[in-house]
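Engineer: Below is query10.cif; it holds mmCIF, C-alpha atoms.
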```
data_my_file
loop_
_atom_site.label_atom_id
_atom_site.label_comp_id
_atom_site.auth_asym_id
_atom_site.auth_seq_id
_atom_site.Cartn_x
_atom_site.Cartn_y
_atom_site.Cartn_z
CA MET A 1 -0.15 8.69 30.13
CA THR A 2 2.49 8.12 27.45
CA LYS A 3 3.77 11.16 25.57
CA ILE A 4 3.62 10.56 21.84
CA LEU A 5 5.18 13.90 20.86
CA ASN A 6 7.79 15.83 22.85
CA ILE A 7 8.87 19.27 21.64
CA HIS A 8 11.65 21.04 23.55
CA ASN A 9 13.06 24.54 22.87
CA LEU A 10 12.31 24.29 19.15
CA GLY A 11 13.54 27.04 16.85
CA LYS A 12 13.48 27.50 13.07
CA THR A 13 15.10 30.20 10.94
CA TYR A 14 14.97 30.64 7.16
CA SER A 15 17.49 32.59 5.07
CA SER A 16 16.31 34.94 2.33
CA GLY A 17 19.24 36.49 0.55
CA SER A 18 21.32 38.24 3.18
CA LYS A 19 18.45 38.30 5.67
CA GLU A 20 17.34 35.71 8.17
CA LEU A 21 13.76 35.23 9.33
CA THR A 22 13.13 33.32 12.55
CA VAL A 23 9.67 31.79 12.30
CA LEU A 24 9.68 29.75 15.53
CA HIS A 25 11.17 30.79 18.86
CA ASP A 26 11.82 28.41 21.78
CA ILE A 27 8.70 26.24 21.34
CA SER A 28 8.10 23.56 24.00
CA PHE A 29 5.08 21.29 24.60
CA ASP A 30 4.10 17.62 24.89
CA ILE A 31 1.14 15.69 23.48
CA GLU A 32 -0.20 12.53 25.07
CA GLU A 33 -1.28 9.41 23.21
CA GLY A 34 -4.90 9.68 22.08
CA GLU A 35 -5.10 13.42 22.73
CA THR A 36 -6.77 15.83 20.30
CA PHE A 37 -4.73 19.01 19.93
CA SER A 38 -5.05 22.12 17.77
CA ILE A 39 -2.57 24.81 16.79
CA VAL A 40 -4.09 28.21 16.01
CA GLY A 41 -2.82 31.67 15.22
CA PRO A 42 -2.83 34.39 12.57
CA SER A 43 -1.20 33.95 9.16
CA GLY A 44 2.56 34.00 9.49
CA SER A 45 2.52 32.82 13.11
CA GLY A 46 4.45 29.64 12.28
CA LYS A 47 1.61 27.09 12.52
CA THR A 48 2.31 25.12 9.35
CA THR A 49 6.08 25.29 9.89
CA LEU A 50 5.59 23.82 13.37
CA LEU A 51 3.37 21.06 12.01
CA GLY A 52 5.96 20.14 9.38
CA LEU A 53 8.70 19.95 12.00
CA CYS A 54 6.57 17.81 14.33
CA ALA A 55 5.90 15.37 11.48
CA GLY A 56 9.54 15.19 10.42
CA LEU A 57 8.92 16.85 7.05
CA ASP A 58 11.57 19.46 7.91
CA GLN A 59 14.35 19.79 10.45
CA ALA A 60 14.59 22.31 13.28
CA ASP A 61 17.64 24.53 13.76
CA THR A 62 17.52 24.34 17.54
CA GLY A 63 15.80 22.16 20.12
CA SER A 64 14.56 18.59 19.90
CA ILE A 65 11.57 16.58 18.67
CA ALA A 66 10.72 13.09 19.85
CA LEU A 67 7.95 11.35 17.91
CA CYS A 68 6.63 8.00 19.09
CA GLY A 69 9.62 7.73 21.43
CA THR A 70 12.19 8.36 18.68
CA ASP A 71 14.51 11.39 18.68
CA MET A 72 13.99 12.85 15.20
CA GLY A 73 17.37 14.57 15.35
CA THR A 74 19.15 11.21 15.19
CA LEU A 75 17.44 10.13 11.95
CA ASN A 76 18.41 10.73 8.36
CA GLU A 77 15.82 11.58 5.70
CA ASP A 78 15.11 7.95 4.78
CA GLU A 79 14.72 6.97 8.43
CA ARG A 80 12.31 9.85 9.05
CA ALA A 81 10.28 8.75 6.01
CA GLN A 82 10.15 5.20 7.39
CA LEU A 83 8.96 6.48 10.78
CA ARG A 84 6.21 8.50 9.07
CA ASN A 85 5.13 5.51 7.00
CA GLN A 86 4.82 3.38 10.12
CA HIS A 87 3.22 5.84 12.53
CA VAL A 88 1.95 9.03 10.85
CA GLY A 89 -1.12 10.06 8.84
CA PHE A 90 -1.61 13.37 6.98
CA ILE A 91 -4.55 15.45 5.82
CA PHE A 92 -3.89 18.56 3.73
CA GLN A 93 -5.98 21.59 2.83
CA ASP A 94 -5.61 20.88 -0.90
CA PHE A 95 -6.27 17.11 -0.53
CA GLN A 96 -2.98 15.98 -2.19
CA LEU A 97 -4.63 13.13 -4.09
CA LEU A 98 -2.83 11.58 -7.05
CA PRO A 99 -4.89 12.63 -10.11
CA THR A 100 -4.12 9.53 -12.17
CA LEU A 101 -5.34 7.14 -9.47
CA THR A 102 -8.91 6.29 -8.48
CA ALA A 103 -10.23 6.95 -4.98
CA LEU A 104 -9.59 3.28 -4.14
CA GLU A 105 -6.03 3.39 -5.47
CA ASN A 106 -5.27 6.67 -3.65
CA VAL A 107 -6.30 5.13 -0.32
CA ALA A 108 -4.52 1.83 -0.94
CA VAL A 109 -1.16 3.30 -1.99
CA PRO A 110 0.33 3.86 1.51
CA LEU A 111 -0.51 0.27 2.47
CA GLU A 112 0.82 -1.15 -0.79
CA LEU A 113 4.10 0.69 -0.19
CA ARG A 114 4.33 -1.21 3.10
CA GLY A 115 3.71 -4.52 1.33
CA ASP A 116 0.29 -5.01 2.93
CA LYS A 117 -1.53 -7.76 1.03
CA ASN A 118 -4.88 -6.54 2.42
CA ALA A 119 -4.42 -2.99 1.07
CA ILE A 120 -7.41 -3.07 -1.28
CA LYS A 121 -9.70 -4.67 1.30
CA ARG A 122 -8.72 -2.06 3.91
CA ALA A 123 -9.17 0.79 1.40
CA VAL A 124 -12.67 -0.42 0.47
CA GLU A 125 -13.56 -0.63 4.18
CA LEU A 126 -12.40 2.91 4.94
CA LEU A 127 -14.04 4.41 1.86
CA GLY A 128 -17.25 2.82 3.11
CA LYS A 129 -16.78 4.46 6.51
CA VAL A 130 -16.55 7.90 4.88
CA GLY A 131 -19.61 7.24 2.71
CA LEU A 132 -17.91 6.73 -0.64
CA SER A 133 -18.59 3.08 -1.39
CA ASP A 134 -20.23 4.08 -4.66
CA ARG A 135 -17.34 6.34 -5.71
CA ILE A 136 -14.33 4.08 -5.25
CA ASN A 137 -13.53 3.88 -8.98
CA HIS A 138 -13.84 7.62 -9.59
CA TYR A 139 -10.81 9.82 -10.19
CA PRO A 140 -10.22 13.01 -8.13
CA SER A 141 -11.39 15.19 -11.04
CA GLN A 142 -14.74 13.38 -10.92
CA LEU A 143 -15.22 14.10 -7.21
CA SER A 144 -16.38 17.22 -5.39
CA GLY A 145 -14.07 18.97 -2.94
CA GLY A 146 -15.83 17.38 0.00
CA GLU A 147 -15.58 13.93 -1.58
CA GLN A 148 -11.88 14.43 -2.28
CA GLN A 149 -11.26 15.38 1.35
CA ARG A 150 -13.17 12.29 2.47
CA VAL A 151 -10.88 10.18 0.28
CA ALA A 152 -7.96 11.97 1.92
CA LEU A 153 -9.44 11.11 5.34
CA ALA A 154 -9.68 7.44 4.41
CA ARG A 155 -6.09 7.49 3.15
CA ALA A 156 -4.85 9.19 6.33
CA PHE A 157 -6.37 6.52 8.56
CA CYS A 158 -5.65 3.53 6.32
CA ASN A 159 -2.48 2.44 8.16
CA ASN A 160 -3.95 2.97 11.64
CA PRO A 161 -1.52 5.82 12.38
CA SER A 162 -0.37 6.51 15.91
CA ILE A 163 -0.66 10.23 15.21
CA LEU A 164 -2.46 12.18 12.48
CA PHE A 165 -1.48 15.70 11.39
CA ALA A 166 -4.17 17.80 9.66
CA ASP A 167 -3.19 21.10 8.04
CA GLU A 168 -6.30 23.29 7.56
CA PRO A 169 -8.45 20.24 6.72
CA THR A 170 -11.55 22.36 5.99
CA GLY A 171 -9.76 25.32 4.41
CA ASN A 172 -10.95 24.62 0.84
CA LEU A 173 -14.47 23.51 1.76
CA ASP A 174 -17.74 25.38 2.24
CA ALA A 175 -19.09 25.54 5.79
CA GLU A 176 -21.62 22.71 5.46
CA THR A 177 -19.21 20.34 3.74
CA GLY A 178 -16.44 21.26 6.16
CA GLU A 179 -18.68 20.43 9.11
CA LYS A 180 -19.40 16.97 7.70
CA VAL A 181 -15.69 16.32 7.12
CA VAL A 182 -14.89 17.40 10.69
CA GLU A 183 -17.54 15.03 12.06
CA LEU A 184 -15.99 12.16 10.11
CA LEU A 185 -12.50 13.14 11.23
CA PHE A 186 -13.40 13.00 14.91
CA GLU A 187 -15.50 9.85 14.50
CA LEU A 188 -12.63 7.97 12.86
CA ASN A 189 -10.16 9.42 15.36
CA LYS A 190 -12.23 8.20 18.31
CA GLU A 191 -12.88 4.78 16.75
CA LEU A 192 -9.21 4.14 15.99
CA GLY A 193 -7.70 5.86 19.04
CA THR A 194 -5.39 8.06 16.99
CA THR A 195 -3.66 11.13 18.39
CA LEU A 196 -4.88 14.13 16.37
CA VAL A 197 -2.99 17.39 15.74
CA ILE A 198 -4.83 20.05 13.72
CA VAL A 199 -3.55 23.36 12.35
CA THR A 200 -6.51 25.64 11.71
CA HIS A 201 -7.77 29.21 11.44
CA ASP A 202 -11.20 27.91 12.47
CA LEU A 203 -11.63 28.55 16.19
CA GLU A 204 -14.88 26.56 16.23
CA LEU A 205 -12.96 23.54 14.95
CA ALA A 206 -10.17 24.15 17.48
CA GLN A 207 -12.71 24.15 20.32
CA LYS A 208 -13.60 20.55 19.43
CA THR A 209 -10.10 19.43 20.49
CA GLN A 210 -8.94 18.85 24.05
CA ARG A 211 -6.14 21.42 23.93
CA ILE A 212 -5.43 24.59 21.96
CA LEU A 213 -1.92 25.95 21.41
CA ARG A 214 -2.01 29.60 20.36
CA LEU A 215 0.91 30.99 18.37
CA LYS A 216 1.77 34.58 17.50
CA GLY A 217 4.96 35.71 15.83
CA GLY A 218 6.42 32.24 16.16
CA ARG A 219 5.98 32.13 19.92
CA ILE A 220 3.55 30.31 22.19
CA MET A 221 1.01 32.75 23.59
CA GLU A 222 -1.15 30.18 25.35
CA ASP A 223 -1.52 26.43 25.84
CA GLU A 224 -5.04 25.84 27.14
CA LYS A 225 -7.17 22.85 27.95
CA VAL A 226 -10.68 23.03 26.48
CA ALA A 227 -13.50 22.59 28.98
CA GLY A 228 -15.48 19.40 28.54
#
```
What would the structure in this file look like if it were written as C-alpha cells?
Structural biologist:
Amino acid sequence: MTKILNIHNLGKTYSSGSKELTVLHDISFDIEEGETFSIVGPSGSGKTTLLGLCAGLDQADTGSIALCGTDMGTLNEDERAQLRNQHVGFIFQDFQLLPTLTALENVAVPLELRGDKNAIKRAVELLGKVGLSDRINHYPSQLSGGEQQRVALARAFCNNPSILFADEPTGNLDAETGEKVVELLFELNKELGTTLVIVTHDLELAQKTQRILRLKGGRIMEDEKVAG
C-alpha cells in the first residue's frame, strides 16, 4: 500500500533561556493511506509536538517528514500551508471555531478559501451528516460543546482530506458526548477513506484505531497493531 506519511529520525529541541529541551528523539514510522493511527503517552511525552510536525505546523530540527509524497523540508511556510489546504484536515480539543461565523460559515470557510463554488452546498451536506441540519445558522456560543465539536468534524472533512489529524478530539467533552463524536469521526473517516491520526490520552479511543504508537519522554516505546 502507498505510504501517506513517512517520518525518519525526527528530532525536535526547544530553547528556554540558556537551556535546551529535547522533546522528540529519533522518531521513525510510516503510515499507509486509509490507515487509522493513534499516538498515546503521558503528558509531556511529545505527542502534540509530533502531531504538529507531521502536519507541517512546525519544523523539525533533525530528520525528515514526507506528507502525501512531498518532502516537507523542501517547502517554505506558504508552500506548507498550500499542502495542508489541499490534503489535510484538523480537529482540535478546543474546537477552534471562529466565533463571529455561523456553523455553516465555519464549515464553508476552508472550501471558500480554495475558490470552491459549491462550498455552501458541501457545508450543508456535511452538517447534515453530523446531525446539525437544524443548527446551521447558530453561532458557536449558541452551541453545546458536543455540537461545536461536530461542526469541527464537518469542517475537517469538508475538503475530502487525504489525511486528518485530531488532537485530543474528546478532551473537552463528557464521556457520553465524546463517545458520540468518536462514532461520527470513524463513520465519516470510513465513508470518505481518509487516513486518520489521533493524539489522545484515552486508551479506549486509541484501541479503536488500527495502530497505536506509544511515546514516553519523546521516544517511541512501542508501535503496535491493534487486533481486529
Engineer: With all atoms listed in the file as the counted atoms, please give the residues lying no more than 12 Å from Ser133 of chain A, apart from itself and same-chain residues fewer than 2 positions off, as JSON, numbers by chain.
Structural biologist: {"A": [103, 104, 123, 124, 125, 126, 127, 128, 129, 130, 131, 135, 136, 137, 138, 147, 150, 151, 154]}
Engineer: Would you list the contacts of Asn76 of chain A as a ChimeraX atom specification, taking every protein, DNA or RNA residue within 12 Å and counting all atoms listed in the file, but skipping same-chain residues closer than 3 positions in sequence?
Structural biologist: /A:56-59,71-73,79-83
Engineer: Please provide the set of residues having any atom within 9 Å of Thr62 of chain A, restricted to all atoms listed in the file, with same-chain residues fewer than 6 positions apart removed, written as a list in words.
Structural biologist: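 Result of the neighbour search: Asn9, Leu10, Gly11, Lys12 and Asp26 of chain A.
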Engineer: Just give me the gap between atom CA of Leu24 of chain A and atom CA of Pro161 of chain A in Å, one decimal is fine.
Structural biologist: 26.6 Å
Engineer: What is the distance, in Å and to one decimal place, between atom CA of Leu132 of chain A and atom CA of Gln148 of chain A?
Structural biologist: 9.9 Å
Engineer: Considering all atoms listed in the file, return as a list in words whatever protein or nucleic-acid residues lie within 9 Å of Lys3 of chain A, sequence-local ones (same chain, fewer than 4 positions apart) excluded.
Structural biologist: Asp30, Ile31, Glu32, Glu33, Leu67, Cys68 and Gly69 of chain A
Engineer: Since we have the selection now, will you write its residues out, keeping C-alpha atoms, as a PDB file, in the frame of the given file?
Structural biologist:
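What follows is the written file part06.pdb:
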```
ATOM      1  CA  ASP A  30       4.100  17.620  24.890  1.00  0.00           C
ATOM      2  CA  ILE A  31       1.140  15.690  23.480  1.00  0.00           C
ATOM      3  CA  GLU A  32      -0.200  12.530  25.070  1.00  0.00           C
ATOM      4  CA  GLU A  33      -1.280   9.410  23.210  1.00  0.00           C
ATOM      5  CA  LEU A  67       7.950  11.350  17.910  1.00  0.00           C
ATOM      6  CA  CYS A  68       6.630   8.000  19.090  1.00  0.00           C
ATOM      7  CA  GLY A  69       9.620   7.730  21.430  1.00  0.00           C
TER       8      GLY A  69
END
```
Engineer: Could you tell me how far atom CA of Asp167 of chain A lies from atom CA of Gln207 of chain A, in Å and to one decimal?
Structural biologist: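 The value is 15.8 Å.
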Engineer: Name the residues captured by the PyMOL selection byres ((chain A and resi 199) around 9) when it is applied to the shown file; answer as a list in words.
Structural biologist: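 After applying the PyMOL selection byres ((chain A and resi 199) around 9), what remains is Phe37, Ser38, Ile39, Val40, Gly41, Lys47, Thr48, Leu51, Phe165, Ala166, Asp167, Glu168, Pro169, Val197, Ile198, Thr200, His201, Asp202 and Ala206 of chain A.
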Engineer: Which residues are close to Thr13 of chain A, i.e. within 7 Å by all atoms listed in the file, leaving aside same-chain residues fewer than 4 positions away? Reply as a PyMOL selection string.
Structural biologist: chain A and resi 20-23+61
Engineer: Given the PyMOL selection byres ((chain A and resi 109) around 12) and the file above, list the residues it selects as a ChimeraX atom specification.
Structural biologist: /A:85,97-98,101-108,110-120,122-123,152,154-156,158-159
Engineer: Carefully work through the PyMOL selection byres ((chain A and resi 178) around 12) for this structure and note down the residues it includes, as a list in words.
Structural biologist: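 So the PyMOL selection byres ((chain A and resi 178) around 12), applied here, picks out Gln93, Gly145, Gly146, Glu147, Gln148, Gln149, Arg150, Glu168, Pro169, Thr170, Gly171, Asn172, Leu173, Asp174, Ala175, Glu176, Thr177, Glu179, Lys180, Val181, Val182, Glu183, Leu184, Leu185, Asp202, Glu204 and Leu205 of chain A.
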Engineer: Which is closer to Thr194 of chain A than all the others in A:Gly34, A:Gly44, A:Pro140, A:Gly89, using only C-alpha atoms?
Structural biologist: A:Gly34
Engineer: Name the closest residue to Phe95 of chain A among the candidates A:Thr74, A:Ser64, A:Ser141, A:Cys54; distances are taken between atoms, counting all atoms listed in the file.
Structural biologist: A:Ser141
